[in-house]
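target_19.csv follows; it contains CSV, C-alpha atoms and all ligand atoms.
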chain,number,residue,atom,x,y,z
A,11,MET,CA,10.7,19.0,20.8
A,12,MET,CA,10.9,17.2,17.4
A,13,ASN,CA,10.3,18.1,13.8
A,14,ALA,CA,7.2,16.6,12.1
A,15,ILE,CA,5.0,17.0,9.0
A,16,VAL,CA,1.7,18.2,10.2
A,17,LYS,CA,-1.8,18.9,8.8
A,18,PRO,CA,-2.3,22.0,11.0
A,19,THR,CA,-5.9,23.1,10.0
A,20,PRO,CA,-8.8,21.6,7.9
A,21,ALA,CA,-7.5,23.0,4.6
A,22,PRO,CA,-5.1,22.0,1.7
A,23,GLY,CA,-1.3,21.8,2.4
A,24,LEU,CA,1.0,20.5,5.1
A,25,VAL,CA,3.7,22.2,7.3
A,26,PHE,CA,7.0,21.1,8.7
A,27,GLN,CA,6.9,22.2,12.4
A,28,GLU,CA,8.1,21.4,15.9
A,29,CYS,CA,5.9,19.2,18.1
A,30,PRO,CA,6.4,17.6,21.5
A,31,ILE,CA,8.3,14.3,21.5
A,32,PRO,CA,5.7,11.6,22.3
A,33,GLN,CA,6.0,9.5,25.5
A,34,VAL,CA,5.2,5.8,25.7
A,35,LYS,CA,2.5,4.1,27.8
A,36,GLU,CA,3.0,0.7,29.4
A,37,HIS,CA,2.6,-1.5,26.3
A,38,GLU,CA,4.0,1.0,23.8
A,39,VAL,CA,7.3,1.4,21.9
A,40,ARG,CA,8.8,4.7,20.7
A,41,ILE,CA,10.6,4.5,17.4
A,42,LYS,CA,13.4,6.9,16.2
A,43,ILE,CA,12.3,7.3,12.6
A,44,HIS,CA,15.0,6.8,10.0
A,45,THR,CA,13.1,6.7,6.6
A,46,THR,CA,9.5,7.2,5.7
A,47,ALA,CA,7.6,6.9,2.4
A,48,ILE,CA,4.7,9.0,0.9
A,49,CYS,CA,1.5,7.1,0.3
A,50,GLY,CA,-1.5,8.0,-1.9
A,51,THR,CA,-3.4,8.5,1.4
A,52,ASP,CA,-0.9,11.3,2.3
A,53,LEU,CA,-1.7,13.0,-1.0
A,54,HIS,CA,-5.5,12.8,-0.2
A,55,ILE,CA,-4.6,14.5,3.2
A,56,TYR,CA,-2.4,17.0,1.5
A,57,ASN,CA,-5.1,18.0,-1.0
A,58,TRP,CA,-7.8,17.8,1.7
A,59,ASP,CA,-10.3,16.0,-0.5
A,60,SER,CA,-13.7,14.7,0.7
A,61,TRP,CA,-12.2,11.5,2.2
A,62,ALA,CA,-9.7,13.5,4.2
A,63,GLN,CA,-12.3,16.0,5.4
A,64,LYS,CA,-14.4,13.1,6.7
A,65,ASN,CA,-11.6,11.1,8.4
A,66,VAL,CA,-8.7,13.3,9.5
A,67,PRO,CA,-8.8,15.4,12.7
A,68,THR,CA,-6.5,18.5,12.9
A,69,PRO,CA,-3.9,19.2,13.9
A,70,LEU,CA,-2.4,15.8,13.2
A,71,ILE,CA,1.1,14.4,12.4
A,72,ILE,CA,0.5,12.4,9.2
A,73,GLY,CA,2.3,9.4,7.6
A,74,HIS,CA,2.2,5.6,8.1
A,75,GLU,CA,5.0,4.1,6.0
A,76,PHE,CA,8.3,3.9,8.0
A,77,MET,CA,11.3,2.2,9.3
A,78,GLY,CA,13.5,3.1,12.3
A,79,TYR,CA,15.0,2.0,15.6
A,80,VAL,CA,13.3,1.4,19.0
A,81,ASP,CA,14.4,4.2,21.2
A,82,GLN,CA,12.2,3.8,24.3
A,83,VAL,CA,9.9,1.0,25.6
A,84,GLY,CA,7.0,1.1,28.0
A,85,ALA,CA,7.2,-0.6,31.4
A,86,LYS,CA,5.4,-3.7,30.4
A,87,VAL,CA,6.8,-4.2,26.9
A,88,THR,CA,8.2,-7.7,26.3
A,89,LEU,CA,8.3,-8.0,22.5
A,90,CYS,CA,11.0,-5.6,21.6
A,91,LYS,CA,13.9,-3.8,23.1
A,92,VAL,CA,15.8,-0.5,22.7
A,93,GLY,CA,17.9,-0.6,19.5
A,94,ASP,CA,15.7,-3.1,17.6
A,95,ARG,CA,15.5,-2.2,13.8
A,96,VAL,CA,11.8,-2.1,13.0
A,97,SER,CA,8.8,-1.2,10.9
A,98,GLY,CA,5.2,-1.8,11.9
A,99,GLU,CA,1.6,-2.2,11.1
A,100,GLY,CA,-0.2,1.1,10.9
A,101,HIS,CA,-3.7,-0.2,11.8
A,102,LEU,CA,-4.4,-0.1,15.5
A,103,THR,CA,-6.8,-2.8,16.6
A,104,CYS,CA,-8.9,-3.0,19.8
A,105,GLY,CA,-7.9,-6.5,20.9
A,106,THR,CA,-11.4,-7.1,22.4
A,107,CYS,CA,-13.9,-7.2,19.5
A,108,ILE,CA,-15.1,-10.5,18.0
A,109,SER,CA,-12.6,-10.3,15.1
A,110,CYS,CA,-9.6,-9.6,17.3
A,111,ARG,CA,-10.7,-12.4,19.7
A,112,ASN,CA,-10.8,-14.7,16.6
A,113,GLY,CA,-7.3,-13.8,15.7
A,114,GLN,CA,-8.3,-11.7,12.7
A,115,ARG,CA,-7.0,-8.4,13.7
A,116,HIS,CA,-7.3,-7.0,10.2
A,117,LEU,CA,-11.1,-7.4,10.5
A,118,CYS,CA,-11.2,-5.4,13.8
A,119,LEU,CA,-14.5,-3.6,14.2
A,120,HIS,CA,-12.8,-0.6,15.8
A,121,ILE,CA,-9.7,-0.3,13.5
A,122,LYS,CA,-7.8,3.1,13.5
A,123,GLY,CA,-5.2,4.2,11.1
A,124,VAL,CA,-2.0,5.9,12.2
A,125,GLY,CA,-1.4,9.1,10.2
A,126,TYR,CA,-5.0,9.8,9.5
A,127,HIS,CA,-7.1,8.9,12.6
A,128,VAL,CA,-4.2,9.1,15.2
A,129,PRO,CA,-0.7,10.7,15.1
A,130,GLY,CA,1.5,9.3,12.3
A,131,CYS,CA,5.2,8.6,11.6
A,132,PHE,CA,6.3,11.6,9.6
A,133,ALA,CA,8.3,12.8,12.6
A,134,GLU,CA,11.6,12.2,14.3
A,135,TYR,CA,9.8,10.0,16.9
A,136,PHE,CA,6.7,7.9,16.7
A,137,VAL,CA,4.9,5.7,19.2
A,138,LEU,CA,3.2,2.4,18.4
A,139,PRO,CA,1.7,-0.5,20.5
A,140,GLU,CA,4.3,-3.2,20.9
A,141,THR,CA,2.0,-5.7,19.2
A,142,ASN,CA,2.1,-3.6,16.0
A,143,VAL,CA,5.9,-3.5,15.7
A,144,VAL,CA,7.6,-5.7,13.1
A,145,LYS,CA,11.3,-6.5,13.7
A,146,LEU,CA,13.3,-6.4,10.5
A,147,PRO,CA,15.5,-9.2,9.3
A,148,GLN,CA,19.1,-8.0,8.5
A,149,SER,CA,18.6,-8.9,4.9
A,150,ILE,CA,15.9,-6.3,4.3
A,151,PRO,CA,17.5,-3.0,3.3
A,152,ASP,CA,16.3,0.3,5.0
A,153,ASP,CA,14.7,1.7,1.9
A,154,VAL,CA,12.7,-1.5,1.3
A,155,ALA,CA,11.8,-1.7,5.0
A,156,ALA,CA,10.2,1.8,4.6
A,157,ILE,CA,7.7,0.5,2.0
A,158,LEU,CA,6.7,-2.8,3.6
A,159,ASP,CA,3.2,-1.2,4.2
A,160,PRO,CA,2.3,-0.7,0.5
A,161,LEU,CA,4.1,-3.9,-0.5
A,162,GLY,CA,1.8,-5.6,2.0
A,163,ASN,CA,-1.2,-4.2,0.3
A,164,ALA,CA,0.0,-5.7,-3.0
A,165,VAL,CA,0.8,-9.0,-1.4
A,166,HIS,CA,-2.5,-9.2,0.4
A,167,THR,CA,-4.4,-8.5,-2.9
A,168,ALA,CA,-2.3,-10.6,-5.3
A,169,LEU,CA,-1.8,-13.7,-3.0
A,170,SER,CA,-5.5,-13.8,-2.2
A,171,PHE,CA,-5.6,-16.0,-5.3
A,172,ASP,CA,-3.5,-18.9,-6.8
A,173,LEU,CA,-1.3,-17.1,-9.4
A,174,ALA,CA,0.9,-20.0,-10.6
A,175,GLY,CA,0.3,-20.5,-14.3
A,176,GLU,CA,-2.5,-17.9,-14.4
A,177,ASP,CA,-2.9,-14.9,-16.7
A,178,VAL,CA,-3.3,-11.8,-14.5
A,179,LEU,CA,-4.8,-8.5,-15.5
A,180,ILE,CA,-4.0,-5.5,-13.3
A,181,THR,CA,-5.9,-2.3,-13.9
A,182,GLY,CA,-4.0,0.7,-12.4
A,183,ALA,CA,-0.2,1.1,-12.4
A,184,GLY,CA,0.2,3.1,-9.2
A,185,PRO,CA,2.8,1.8,-6.8
A,186,ILE,CA,0.6,-1.1,-5.6
A,187,GLY,CA,-0.3,-2.2,-9.1
A,188,ILE,CA,3.4,-2.2,-10.1
A,189,LEU,CA,4.3,-4.1,-6.9
A,190,ALA,CA,1.5,-6.6,-7.6
A,191,ALA,CA,3.0,-7.2,-11.1
A,192,ALA,CA,6.3,-8.0,-9.5
A,193,ILE,CA,4.7,-10.4,-7.0
A,194,ALA,CA,2.6,-12.1,-9.7
A,195,ARG,CA,5.9,-12.7,-11.7
A,196,HIS,CA,7.7,-14.0,-8.6
A,197,ALA,CA,4.7,-16.3,-7.8
A,198,GLY,CA,4.8,-17.9,-11.3
A,199,ALA,CA,2.0,-16.2,-13.3
A,200,ARG,CA,2.2,-16.7,-17.1
A,201,PHE,CA,1.1,-13.4,-18.6
A,202,ILE,CA,0.8,-10.2,-16.6
A,203,VAL,CA,-0.9,-7.3,-18.2
A,204,LEU,CA,-1.1,-3.8,-16.6
A,205,THR,CA,-3.3,-1.0,-17.8
A,206,ASN,CA,-2.9,2.7,-17.0
A,207,HIS,CA,-2.9,6.1,-18.8
A,208,ASN,CA,0.6,7.0,-17.6
A,209,GLU,CA,3.5,5.8,-19.8
A,210,TYR,CA,6.2,6.5,-17.2
A,211,ARG,CA,4.6,4.1,-14.7
A,212,LEU,CA,3.8,1.5,-17.4
A,213,ASN,CA,7.5,1.5,-18.4
A,214,LEU,CA,8.5,0.8,-14.9
A,215,ALA,CA,5.8,-2.0,-14.7
A,216,LYS,CA,7.5,-3.7,-17.6
A,217,LYS,CA,10.9,-3.6,-15.8
A,218,MET,CA,9.1,-5.1,-12.7
A,219,GLY,CA,7.7,-8.2,-14.5
A,220,ALA,CA,4.7,-7.2,-16.6
A,221,SER,CA,4.5,-9.2,-19.9
A,222,THR,CA,3.0,-6.2,-21.6
A,223,THR,CA,1.2,-3.0,-20.8
A,224,VAL,CA,-1.9,-1.2,-22.1
A,225,CYS,CA,-1.8,2.6,-22.2
A,226,VAL,CA,-5.5,3.5,-22.2
A,227,PRO,CA,-7.4,4.9,-24.0
A,228,LYS,CA,-5.1,4.6,-27.1
A,229,GLU,CA,-4.3,0.9,-26.6
A,230,SER,CA,-6.8,-1.9,-25.6
A,231,ILE,CA,-6.7,-5.1,-23.5
A,232,SER,CA,-8.1,-7.1,-26.5
A,233,GLU,CA,-5.0,-6.1,-28.6
A,234,ALA,CA,-2.7,-7.0,-25.8
A,235,MET,CA,-4.3,-10.5,-25.5
A,236,LEU,CA,-4.0,-11.0,-29.2
A,237,GLN,CA,-0.3,-10.1,-29.2
A,238,LEU,CA,0.3,-12.5,-26.3
A,239,GLY,CA,-1.7,-15.3,-28.1
A,240,MET,CA,-4.3,-15.5,-25.3
A,241,GLU,CA,-7.6,-17.0,-26.2
A,242,ASN,CA,-9.5,-17.4,-22.9
A,243,GLY,CA,-9.4,-14.2,-20.9
A,244,PHE,CA,-7.6,-13.7,-17.6
A,245,GLY,CA,-8.0,-16.1,-14.7
A,246,VAL,CA,-7.2,-13.4,-12.1
A,247,GLY,CA,-8.0,-9.6,-12.2
A,248,LEU,CA,-6.6,-7.1,-9.7
A,249,GLU,CA,-8.4,-3.7,-9.7
A,250,MET,CA,-6.0,-1.1,-8.4
A,251,SER,CA,-7.1,2.1,-10.2
A,252,GLY,CA,-10.2,3.1,-8.3
A,253,ASN,CA,-11.8,3.9,-11.8
A,254,PHE,CA,-15.1,2.4,-12.9
A,255,SER,CA,-14.1,2.4,-16.6
A,256,ALA,CA,-11.0,0.4,-15.8
A,257,PHE,CA,-13.1,-2.0,-13.6
A,258,ASN,CA,-15.6,-2.5,-16.4
A,259,ASP,CA,-12.8,-3.2,-18.8
A,260,LEU,CA,-11.4,-5.8,-16.3
A,261,LEU,CA,-14.8,-7.5,-16.1
A,262,GLN,CA,-15.1,-7.7,-19.9
A,263,HIS,CA,-11.7,-9.5,-20.1
A,264,ILE,CA,-11.8,-12.0,-17.2
A,265,GLN,CA,-12.6,-15.7,-17.8
A,266,PRO,CA,-15.8,-17.3,-16.5
A,267,GLY,CA,-15.2,-18.4,-13.0
A,268,GLY,CA,-12.4,-15.9,-12.6
A,269,ASN,CA,-11.3,-14.2,-9.3
A,270,ILE,CA,-11.1,-10.5,-8.8
A,271,GLY,CA,-9.4,-8.5,-6.0
A,272,LEU,CA,-10.7,-5.0,-5.5
A,273,LEU,CA,-8.1,-2.7,-3.9
A,274,GLY,CA,-8.7,0.6,-5.7
A,275,ILE,CA,-11.2,2.8,-3.8
A,276,LEU,CA,-14.0,3.5,-6.3
A,277,PRO,CA,-15.8,6.8,-6.1
A,278,PRO,CA,-19.5,6.8,-5.0
A,279,GLY,CA,-22.2,6.7,-7.6
A,280,GLY,CA,-20.5,4.6,-10.4
A,281,THR,CA,-21.7,1.3,-11.6
A,282,ILE,CA,-20.6,-1.9,-13.3
A,283,ASP,CA,-22.2,-4.4,-15.6
A,284,TRP,CA,-23.5,-6.9,-13.0
A,285,ASP,CA,-24.5,-9.3,-15.8
A,286,LEU,CA,-20.8,-9.9,-16.3
A,287,VAL,CA,-20.4,-10.8,-12.6
A,288,ILE,CA,-23.4,-13.1,-12.5
A,289,PHE,CA,-23.3,-14.9,-15.9
A,290,LYS,CA,-19.5,-15.4,-15.7
A,291,MET,CA,-19.9,-16.5,-12.1
A,292,LEU,CA,-17.0,-14.3,-10.9
A,293,THR,CA,-15.7,-14.1,-7.4
A,294,ILE,CA,-14.9,-10.6,-6.1
A,295,LYS,CA,-13.0,-10.0,-2.9
A,296,GLY,CA,-12.6,-6.5,-1.3
A,297,ILE,CA,-9.1,-5.9,0.1
A,298,TYR,CA,-8.0,-3.3,2.6
A,299,GLY,CA,-4.6,-3.1,4.3
A,300,ARG,CA,-2.8,-6.3,5.3
A,301,GLU,CA,-3.6,-9.4,7.2
A,302,ILE,CA,-2.1,-8.9,10.6
A,303,PHE,CA,0.5,-10.5,10.6
A,304,ARG,CA,0.2,-13.2,7.9
A,305,THR,CA,0.8,-10.7,5.1
A,306,TRP,CA,3.9,-9.3,6.9
A,307,ASP,CA,5.5,-12.8,7.1
A,308,LYS,CA,4.7,-13.5,3.5
A,309,GLU,CA,6.2,-10.3,2.2
A,310,LEU,CA,9.4,-10.7,4.2
A,311,HIS,CA,9.7,-14.2,2.9
A,312,LEU,CA,9.1,-13.1,-0.7
A,313,LEU,CA,11.9,-10.5,-0.4
A,314,GLN,CA,14.2,-13.1,1.1
A,315,SER,CA,13.4,-15.5,-1.7
A,316,GLY,CA,14.5,-12.9,-4.3
A,317,LEU,CA,11.6,-10.5,-5.0
A,318,ASP,CA,13.3,-7.2,-5.9
A,319,ILE,CA,11.1,-4.1,-5.4
A,320,THR,CA,13.9,-1.5,-5.3
A,321,PRO,CA,13.1,-0.1,-8.8
A,322,VAL,CA,9.8,1.4,-7.5
A,323,ILE,CA,11.8,3.8,-5.3
A,324,THR,CA,12.2,6.7,-7.7
A,325,HIS,CA,12.9,9.7,-5.5
A,326,ARG,CA,14.2,10.6,-2.0
A,327,PHE,CA,14.4,13.9,-0.2
A,328,PRO,CA,15.3,15.1,3.3
A,329,ALA,CA,12.1,15.3,5.4
A,330,ALA,CA,12.3,19.1,5.6
A,331,GLN,CA,11.9,19.2,1.8
A,332,PHE,CA,8.7,17.1,1.9
A,333,GLN,CA,7.0,19.6,-0.4
A,334,LYS,CA,9.3,18.4,-3.3
A,335,GLY,CA,8.3,14.8,-2.5
A,336,PHE,CA,4.6,15.6,-2.7
A,337,GLU,CA,5.2,17.5,-6.0
A,338,ALA,CA,7.0,14.6,-7.5
A,339,MET,CA,4.2,12.3,-6.5
A,340,MET,CA,1.6,14.6,-8.0
A,341,SER,CA,3.6,15.0,-11.3
A,342,GLY,CA,2.9,11.4,-12.1
A,343,LYS,CA,6.6,10.9,-12.8
A,344,ALA,CA,7.4,9.2,-9.5
A,345,VAL,CA,6.3,5.9,-7.9
A,346,LYS,CA,7.6,5.6,-4.3
A,347,VAL,CA,9.1,8.8,-2.8
A,348,LEU,CA,11.2,8.4,0.4
A,349,LEU,CA,11.8,11.0,3.1
A,350,ASP,CA,14.9,10.8,5.3
A,351,TRP,CA,14.7,11.9,8.9
B,401,ZN,ZN,-10.9,-5.4,17.4

Spell out the structure here as structure tokens.
Amino acid sequence: MMNAIVKPTPAPGLVFQECPIPQVKEHEVRIKIHTTAICGTDLHIYNWDSWAQKNVPTPLIIGHEFMGYVDQVGAKVTLCKVGDRVSGEGHLTCGTCISCRNGQRHLCLHIKGVGYHVPGCFAEYFVLPETNVVKLPQSIPDDVAAILDPLGNAVHTALSFDLAGEDVLITGAGPIGILAAAIARHAGARFIVLTNHNEYRLNLAKKMGASTTVCVPKESISEAMLQLGMENGFGVGLEMSGNFSAFNDLLQHIQPGGNIGLLGILPPGGTIDWDLVIFKMLTIKGIYGREIFRTWDKELHLLQSGLDITPVITHRFPAAQFQKGFEAMMSGKAVKVLLDW
């Protein structure tokens, strides 16, 4: 048996309990988990909101951000061996749909998420198909390796557009917004402005590369642009708040012809001013997860070329004290919280 963090019943909360150790099938790899990280998705599951109620079967081991060591391999595994230091892609793809056959696994028509559709990694042992495993270069520290999944979301969003010399507006300073600011800085953007209502997170964003921040509603994007001497609006906007008022604010301040990445999940029923999209001839791209595996390559290369994301790791707890980790996340005074196994 092994310890795991489990959603036992369709109700709020999580429990730390014993579960059977999973066994591998022919093309699967078992990973002895070393470090995991809590994602916003895990908070949705903890709180049992409407998204979680629609998507998560119970009982289920949750979690999808991890690093560890390969501990057992299936009979037909050729891509990794026992002892390999690894992380991995948490979206399971079918391999047979038109997207998978076209080599675009991230667009799989039958995609499943570990930790919310199928058993996750908040456990001592975790099983993944060998084609989802990512071997870690020695230069990537364990703690950074545990958050390659959210870094990948930020890389996928930010690097969907040419950032060199651009002014970039990021609405939402959650972990992915802050990581996107660091990436935009590394990629050669000129001004990077982040908006949020949480001063703690905005302060961290400044340390990570933001030129300035806007604490809404008491500060405005227009004021920030004036301070920076910007005349023409932002060439790139990254919406990471999942908030319609922030998205509308972004549309107001983007240049004609600008590019927008939408990562924040917007609630049903809201609306935007479509005139801004049409008359400014904006391009909007929806983003989910990572490109498998182009994004993984890029993020490892960014880290190896000097991108430092360690300041986003603000808390760590032993896995058995996961409750403290979730409380830290919900307090708004934490960014990435690690759990050690
Ligand atoms: Zn597929």

Please produce, as a tab-separated table, a per-residue contact table for chain A versus ligand ZN 401 (chain B) (criterion: any atom at most 6 Å away, all atoms listed in the file considered), showing the nearest atom pair and its distance in Å to one decimal, sorted by chain then residue number.
residue	atom	partner	partner_atom	distance
A:Thr103	CA	B:ZN401	ZN	4.9
A:Cys104	CA	B:ZN401	ZN	3.9
A:Gly105	CA	B:ZN401	ZN	4.7
A:Thr106	CA	B:ZN401	ZN	5.3
A:Cys107	CA	B:ZN401	ZN	4.1
A:Ser109	CA	B:ZN401	ZN	5.7
A:Cys110	CA	B:ZN401	ZN	4.4
A:Cys118	CA	B:ZN401	ZN	3.6
A:Leu119	CA	B:ZN401	ZN	5.1
A:His120	CA	B:ZN401	ZN	5.4

Proximity check segment 110-139 of chain A to segment 291-299 of chain A, 12 Å, nearest pairs one decimal Å, all atoms listed in the file, as a tab-separated table:
residue	atom	partner	partner_atom	distance
A:Arg115	CA	A:Gly299	CA	11.1
A:His116	CA	A:Gly299	CA	7.6
A:Leu117	CA	A:Tyr298	CA	9.4
A:Cys118	CA	A:Gly299	CA	11.8
A:Ile121	CA	A:Gly299	CA	10.9
A:Lys122	CA	A:Gly299	CA	11.5
A:Gly123	CA	A:Gly299	CA	10.0

What's the 7 Å shell around segment 315-326 of chain A, counting all atoms listed in the file, without same-chain residues fewer than 6 positions away, as a PyMOL selection string? chain A and resi 154+189+196+344-349

How would the residues just chosen look if you wrote them out with C-alpha atoms as a CSV table (one decimal), keeping the file's coordinate frame?
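part_11.csv written:
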chain,number,residue,atom,x,y,z
A,154,VAL,CA,12.7,-1.5,1.3
A,189,LEU,CA,4.3,-4.1,-6.9
A,196,HIS,CA,7.7,-14.0,-8.6
A,344,ALA,CA,7.4,9.2,-9.5
A,345,VAL,CA,6.3,5.9,-7.9
A,346,LYS,CA,7.6,5.6,-4.3
A,347,VAL,CA,9.1,8.8,-2.8
A,348,LEU,CA,11.2,8.4,0.4
A,349,LEU,CA,11.8,11.0,3.1

How far is it from atom CA of Trp284 of chain A to atom CA of Gly187 of chain A, in Å with one decimal?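 So the two atoms, atom CA of Trp284 of chain A and atom CA of Gly187 of chain A, lie 24.0 Å apart.
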
Would you kindly return, as an NGL selection string, each protein, DNA or RNA residue with an atom no farther than 9 Å from any atom of Arg95 of chain A, considering all atoms listed in the file and excluding same-chain residues fewer than 5 positions away? :A and (77-80 or 144-148)

Of the listed residues A:Glu134, A:Glu209, A:Asp285, A:Asp259, that which approaches Ile43 of chain A most closely, counting all atoms listed in the file: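 Using all atoms listed in the file, Ile43 of chain A sits closest to A:Glu134.
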
N, CA and C atoms are what I want for segment 15-32 of chain A; can you complete it accordingly and write them as a PDB file, in the frame of the given file?
ATOM      1  N   ILE A  15       5.870  16.446  10.093  1.00  0.00           N
ATOM      2  CA  ILE A  15       5.000  17.000   9.000  1.00  0.00           C
ATOM      3  C   ILE A  15       3.583  16.880   9.471  1.00  0.00           C
ATOM      4  N   VAL A  16       2.944  18.048   9.519  1.00  0.00           N
ATOM      5  CA  VAL A  16       1.700  18.200  10.200  1.00  0.00           C
ATOM      6  C   VAL A  16       0.604  18.773   9.273  1.00  0.00           C
ATOM      7  N   LYS A  17      -0.612  18.241   9.409  1.00  0.00           N
ATOM      8  CA  LYS A  17      -1.800  18.900   8.800  1.00  0.00           C
ATOM      9  C   LYS A  17      -2.302  19.812   9.929  1.00  0.00           C
ATOM     10  N   PRO A  18      -2.057  21.140   9.819  1.00  0.00           N
ATOM     11  CA  PRO A  18      -2.300  22.000  11.000  1.00  0.00           C
ATOM     12  C   PRO A  18      -3.821  22.394  11.098  1.00  0.00           C
ATOM     13  N   THR A  19      -4.478  22.592   9.942  1.00  0.00           N
ATOM     14  CA  THR A  19      -5.900  23.100  10.000  1.00  0.00           C
ATOM     15  C   THR A  19      -6.637  22.343   8.863  1.00  0.00           C
ATOM     16  N   PRO A  20      -7.972  22.328   8.928  1.00  0.00           N
ATOM     17  CA  PRO A  20      -8.800  21.600   7.900  1.00  0.00           C
ATOM     18  C   PRO A  20      -8.751  22.392   6.567  1.00  0.00           C
ATOM     19  N   ALA A  21      -7.623  22.335   5.853  1.00  0.00           N
ATOM     20  CA  ALA A  21      -7.500  23.000   4.600  1.00  0.00           C
ATOM     21  C   ALA A  21      -6.314  22.362   3.816  1.00  0.00           C
ATOM     22  N   PRO A  22      -6.190  22.585   2.493  1.00  0.00           N
ATOM     23  CA  PRO A  22      -5.100  22.000   1.700  1.00  0.00           C
ATOM     24  C   PRO A  22      -3.722  22.380   2.264  1.00  0.00           C
ATOM     25  N   GLY A  23      -2.717  21.473   2.031  1.00  0.00           N
ATOM     26  CA  GLY A  23      -1.300  21.800   2.400  1.00  0.00           C
ATOM     27  C   GLY A  23      -0.900  21.068   3.681  1.00  0.00           C
ATOM     28  N   LEU A  24       0.415  21.097   3.931  1.00  0.00           N
ATOM     29  CA  LEU A  24       1.000  20.500   5.100  1.00  0.00           C
ATOM     30  C   LEU A  24       2.146  21.427   5.562  1.00  0.00           C
ATOM     31  N   VAL A  25       2.545  21.346   6.829  1.00  0.00           N
ATOM     32  CA  VAL A  25       3.700  22.200   7.300  1.00  0.00           C
ATOM     33  C   VAL A  25       4.687  21.296   8.035  1.00  0.00           C
ATOM     34  N   PHE A  26       5.954  21.737   7.993  1.00  0.00           N
ATOM     35  CA  PHE A  26       7.000  21.100   8.700  1.00  0.00           C
ATOM     36  C   PHE A  26       7.217  21.935   9.986  1.00  0.00           C
ATOM     37  N   GLN A  27       6.904  21.343  11.145  1.00  0.00           N
ATOM     38  CA  GLN A  27       6.900  22.200  12.400  1.00  0.00           C
ATOM     39  C   GLN A  27       7.363  21.373  13.589  1.00  0.00           C
ATOM     40  N   GLU A  28       7.687  22.087  14.650  1.00  0.00           N
ATOM     41  CA  GLU A  28       8.100  21.400  15.900  1.00  0.00           C
ATOM     42  C   GLU A  28       6.857  20.981  16.679  1.00  0.00           C
ATOM     43  N   CYS A  29       6.972  19.750  17.237  1.00  0.00           N
ATOM     44  CA  CYS A  29       5.900  19.200  18.100  1.00  0.00           C
ATOM     45  C   CYS A  29       6.556  18.548  19.282  1.00  0.00           C
ATOM     46  N   PRO A  30       5.797  18.307  20.348  1.00  0.00           N
ATOM     47  CA  PRO A  30       6.400  17.600  21.500  1.00  0.00           C
ATOM     48  C   PRO A  30       6.760  16.186  21.134  1.00  0.00           C
ATOM     49  N   ILE A  31       7.883  15.676  21.695  1.00  0.00           N
ATOM     50  CA  ILE A  31       8.300  14.300  21.500  1.00  0.00           C
ATOM     51  C   ILE A  31       7.287  13.397  22.247  1.00  0.00           C
ATOM     52  N   PRO A  32       6.662  12.381  21.567  1.00  0.00           N
ATOM     53  CA  PRO A  32       5.700  11.600  22.300  1.00  0.00           C
ATOM     54  C   PRO A  32       6.304  10.647  23.320  1.00  0.00           C
TER      55      PRO A  32
END
